[in-house]
Structures are given as C-alpha cells and as structure tokens.
file coords-v1.cif (mmCIF, C-alpha atoms and all ligand atoms)
data_entry
loop_
_atom_site.label_atom_id
_atom_site.label_comp_id
_atom_site.auth_asym_id
_atom_site.auth_seq_id
_atom_site.Cartn_x
_atom_site.Cartn_y
_atom_site.Cartn_z
CA MET K 1 123.41 2.99 -28.03
CA THR K 2 123.03 5.18 -24.92
CA SER K 3 119.85 5.28 -22.86
CA LYS K 4 119.36 8.85 -24.14
CA ASP K 5 119.41 7.51 -27.73
CA ASN K 6 116.94 4.80 -26.71
CA SER K 7 114.53 7.20 -25.06
CA THR K 8 114.72 9.64 -28.00
CA GLY K 9 114.12 6.76 -30.43
CA ALA K 10 111.07 5.69 -28.44
CA LEU K 11 109.78 9.28 -28.46
CA ILE K 12 110.26 9.51 -32.25
CA ASP K 13 108.26 6.27 -32.70
CA SER K 14 105.55 7.57 -30.42
CA LEU K 15 105.37 10.93 -32.26
CA ASN K 16 105.21 9.17 -35.63
CA GLY K 17 102.34 7.00 -34.35
CA LEU K 18 100.54 10.13 -33.20
CA LEU K 19 101.19 11.79 -36.58
CA ALA K 20 99.71 8.80 -38.42
CA ASP K 21 96.66 8.94 -36.14
CA THR K 22 96.40 12.68 -36.77
CA PHE K 23 96.30 12.23 -40.56
CA ALA K 24 93.81 9.35 -40.27
CA LEU K 25 91.56 11.28 -37.89
CA TYR K 26 91.73 14.29 -40.20
CA VAL K 27 90.60 12.25 -43.22
CA LYS K 28 87.83 10.53 -41.24
CA THR K 29 86.54 13.84 -39.88
CA LYS K 30 86.54 15.32 -43.41
CA ASN K 31 84.85 12.15 -44.71
CA PHE K 32 82.02 12.72 -42.19
CA HIS K 33 81.93 16.46 -43.08
CA TRP K 34 81.30 15.40 -46.69
CA HIS K 35 78.87 12.52 -46.08
CA VAL K 36 76.80 13.49 -43.04
CA ARG K 37 73.01 13.62 -43.68
CA GLY K 38 69.84 14.28 -41.72
CA PRO K 39 68.19 17.01 -39.62
CA GLN K 40 71.48 18.03 -37.98
CA PHE K 41 73.31 18.27 -41.30
CA HIS K 42 74.11 21.97 -41.05
CA ASP K 43 75.55 21.92 -37.52
CA LEU K 44 77.47 18.68 -37.96
CA HIS K 45 78.80 19.62 -41.41
CA LEU K 46 80.25 22.80 -39.89
CA LEU K 47 81.47 21.19 -36.65
CA PHE K 48 83.29 18.41 -38.49
CA ASP K 49 84.98 20.98 -40.71
CA THR K 50 86.13 23.04 -37.73
CA GLN K 51 87.50 19.94 -36.02
CA ALA K 52 89.22 18.70 -39.19
CA THR K 53 90.98 22.05 -39.66
CA GLU K 54 92.21 21.96 -36.06
CA ILE K 55 93.47 18.37 -36.46
CA PHE K 56 95.22 19.06 -39.77
CA ALA K 57 97.12 21.98 -38.24
CA LEU K 58 98.89 19.51 -35.92
CA THR K 59 100.40 17.45 -38.72
CA ASP K 60 103.19 19.86 -39.62
CA LEU K 61 104.01 20.55 -35.96
CA LEU K 62 104.33 16.84 -35.23
CA ALA K 63 106.41 16.01 -38.31
CA GLU K 64 108.78 18.89 -37.55
CA ARG K 65 109.12 17.82 -33.89
CA VAL K 66 110.33 14.45 -35.22
CA ARG K 67 112.82 16.12 -37.55
CA LYS K 68 114.10 18.38 -34.73
CA LEU K 69 114.77 15.22 -32.72
CA GLY K 70 116.81 13.81 -35.60
CA GLY K 71 114.24 11.26 -36.77
CA THR K 72 112.48 10.66 -40.07
CA THR K 73 108.72 10.88 -40.38
CA MET K 74 105.70 10.05 -42.56
CA THR K 75 106.47 9.82 -46.28
CA SER K 76 103.24 8.53 -47.84
CA ILE K 77 99.64 7.37 -47.41
CA GLY K 78 101.06 3.83 -47.12
CA ALA K 79 103.31 4.85 -44.23
CA ILE K 80 100.36 6.52 -42.50
CA ALA K 81 98.14 3.45 -42.98
CA ALA K 82 100.84 1.16 -41.57
CA LYS K 83 101.21 3.24 -38.39
CA THR K 84 97.74 4.49 -37.49
CA GLN K 85 95.44 2.94 -34.91
CA ILE K 86 92.42 4.93 -36.17
CA ALA K 87 90.16 2.55 -38.13
CA ASP K 88 88.87 3.46 -41.59
CA GLU K 89 85.15 4.08 -42.06
CA ASP K 90 84.12 3.75 -45.69
CA ASP K 91 80.35 3.45 -45.16
CA THR K 92 79.07 6.73 -46.63
CA SER K 93 75.49 6.00 -45.48
CA LEU K 94 76.45 5.88 -41.80
CA ASP K 95 73.86 7.50 -39.52
CA ALA K 96 74.85 11.01 -38.30
CA MET K 97 74.85 9.98 -34.61
CA ALA K 98 77.01 6.95 -35.43
CA MET K 99 79.51 9.36 -37.01
CA VAL K 100 79.49 11.53 -33.88
CA LYS K 101 79.99 8.49 -31.62
CA GLN K 102 82.78 7.14 -33.77
CA LEU K 103 84.64 10.47 -33.75
CA LEU K 104 84.12 10.71 -29.98
CA ALA K 105 85.75 7.29 -29.49
CA ASP K 106 88.58 8.17 -31.90
CA ASN K 107 89.27 11.50 -30.18
CA LEU K 108 89.36 9.73 -26.80
CA SER K 109 91.86 7.19 -28.12
CA TYR K 110 93.81 10.14 -29.52
CA VAL K 111 93.91 11.64 -26.00
CA ALA K 112 95.27 8.30 -24.72
CA LYS K 113 97.93 8.36 -27.45
CA LEU K 114 98.89 11.90 -26.41
CA ARG K 115 99.39 10.61 -22.87
CA GLU K 116 101.86 8.01 -24.21
CA VAL K 117 103.72 10.71 -26.16
CA LYS K 118 103.90 12.91 -23.06
CA ALA K 119 105.38 10.05 -21.03
CA ALA K 120 107.91 9.31 -23.79
CA ALA K 121 108.84 13.02 -23.98
CA GLY K 122 109.39 13.05 -20.22
CA GLU K 123 111.66 10.01 -20.45
CA ALA K 124 113.66 11.68 -23.23
CA GLY K 125 113.88 15.02 -21.38
CA ASP K 126 112.15 16.77 -24.30
CA ASN K 127 110.49 19.75 -22.61
CA ALA K 128 109.23 21.31 -25.85
CA THR K 129 107.25 18.22 -26.84
CA GLU K 130 105.97 17.74 -23.30
CA GLY K 131 104.66 21.31 -23.20
CA ALA K 132 103.10 21.15 -26.67
CA VAL K 133 101.33 17.87 -25.85
CA ASP K 134 99.38 19.65 -23.09
CA ASP K 135 97.88 22.08 -25.63
CA TRP K 136 97.14 19.28 -28.11
CA THR K 137 95.43 17.32 -25.30
CA ASP K 138 93.24 20.27 -24.35
CA GLN K 139 92.18 20.62 -28.02
CA ALA K 140 91.38 16.91 -28.32
CA GLU K 141 89.42 16.96 -25.05
CA GLN K 142 87.45 19.96 -26.34
CA ARG K 143 86.60 18.06 -29.54
CA ALA K 144 85.53 15.06 -27.45
CA TRP K 145 83.40 17.27 -25.22
CA PHE K 146 81.48 18.77 -28.16
CA LEU K 147 80.91 15.30 -29.65
CA ARG K 148 79.87 13.82 -26.29
CA GLU K 149 77.27 16.56 -25.71
CA ILE K 150 75.79 15.98 -29.17
CA ALA K 151 75.66 12.21 -28.63
CA ALA K 152 74.06 12.56 -25.14
FE FE Q 1 83.91 21.69 -46.98
#
call {"tool": "encode", "arguments": {"input": "coords-v1.cif", "output": "structure tokens", "more": "lines below"}}
Ligand SMILES: [Fe+2]
result
Amino acid sequence: MTSKDNSTGALIDSLNGLLADTFALYVKTKNFHWHVRGPQFHDLHLLFDTQATEIFALTDLLAERVRKLGGTTMTSIGAIAAKTQIADEDDTSLDAMAMVKQLLADNLSYVAKLREVKAAAGEAGDNATEGAVDDWTDQAEQRAWFLREIAA
C-alpha cells in the first residue's frame, strides 16, 4: 500500500466517523425538537428544527465525498451507532436548558471532529474536502454560538 493509499484510507475513516456523528446529532436535535417543554418551548422547538435540518443536509454530502474517494460508507443504524461519538439521550423529561447545554457540547465536539477531518484531508491532498470542511465548521460554530447565548 502506498502512503497515498494510507492517507486516503485514513481520510475515509475520518469522514465516516463524522458522518456517523452527523446522523446521531441530527436524531438527538430532532429528539429535543420533539420533547422540549417549558416557557421557551416555542423558540427552542423552532431553533432545534432549524439546526436539525442544517445537520441532516450534510449527510448526503459526506457520504458522497467518501464514495468519490473510493470508499464505502454508512449502511445502517447499526453502522452509525458503532461509529458515532455522540452519546444517546433517551430521557424525554430532560430540562430545556439541559438540552441546550448538551447540544452545545455535542456541536463543539463536532467542531473538533471537523478539525480532524480537515487535517486528514490535508494529508491526503483532498482539496475539495478541505474546502468543504471550512463551511461545515462555520455552520457548526454558528449552531454552538446560538446555543451558548441561550445557555448563558
Ligand atoms: Fe417538527
């Protein structure tokens, strides 16, 4: 195996990890959209939906980046669960601010994951992924900013 093959393989792994996190963060954000309660219900219900839509839009882009690189990608909920670092939250009675804080932490870990993908793309000489990661990072930092201001 050449070093180019190695660096592309590492990038594919990194992108698949990010894709699994993207699906998991999407489901968690929708979960909170559905279950949030309290005086801020209206704003948070809408904000979580906006963020979930933005997150979901990344899934196809990520999976197709992997295919363009010659790799295979997520095939099932089981494959997503095995790869993601985003923890499940099945407590439907969670306090609204706890939901905001949890999504803030998850979006910040997502930003860190994007940084790993960017480094792997640089190693592999994949300019398209490197460029796209900058936009995805800006989006994730915007989500984190909104959540941080609410939690302040
Ligand atoms: Fe809805």
call {"tool": "closest_residue", "arguments": {"input": "coords-v1.cif", "among": "K:Leu103, K:Trp145, K:Lys4, K:Ala20", "to": "Ala82 of chain K", "atoms": "only C-alpha atoms"}}
result
K:Ala20
call {"tool": "residues_near_point", "arguments": {"input": "coords-v1.cif", "point": "(91.6, 17.3, -34.3)", "cutoff": "9 Å", "atoms": "all atoms listed in the file", "output": "ChimeraX atom specification"}}
result
/K:22,25-26,29,50-58,107,110,136,139-140,143
call {"tool": "closest_residue", "arguments": {"input": "coords-v1.cif", "among": "K:Ala87, K:Leu46, K:Ala112, K:Ala96", "to": "ligand FE 1 (chain Q)", "atoms": "all atoms listed in the file"}}
result
K:Leu46
call {"tool": "residues_near_ligand", "arguments": {"input": "coords-v1.cif", "ligand": "ligand FE 1 (chain Q)", "cutoff": "8 Å", "atoms": "all atoms listed in the file", "output": "list in words"}}
result
Lys30, His33, Trp34, His45 and Asp49 of chain K
call {"tool": "atom_distance", "arguments": {"input": "coords-v1.cif", "atom1": "atom CA of Leu69 of chain K", "atom2": "atom CA of Ile86 of chain K"}}
result
24.8 Å
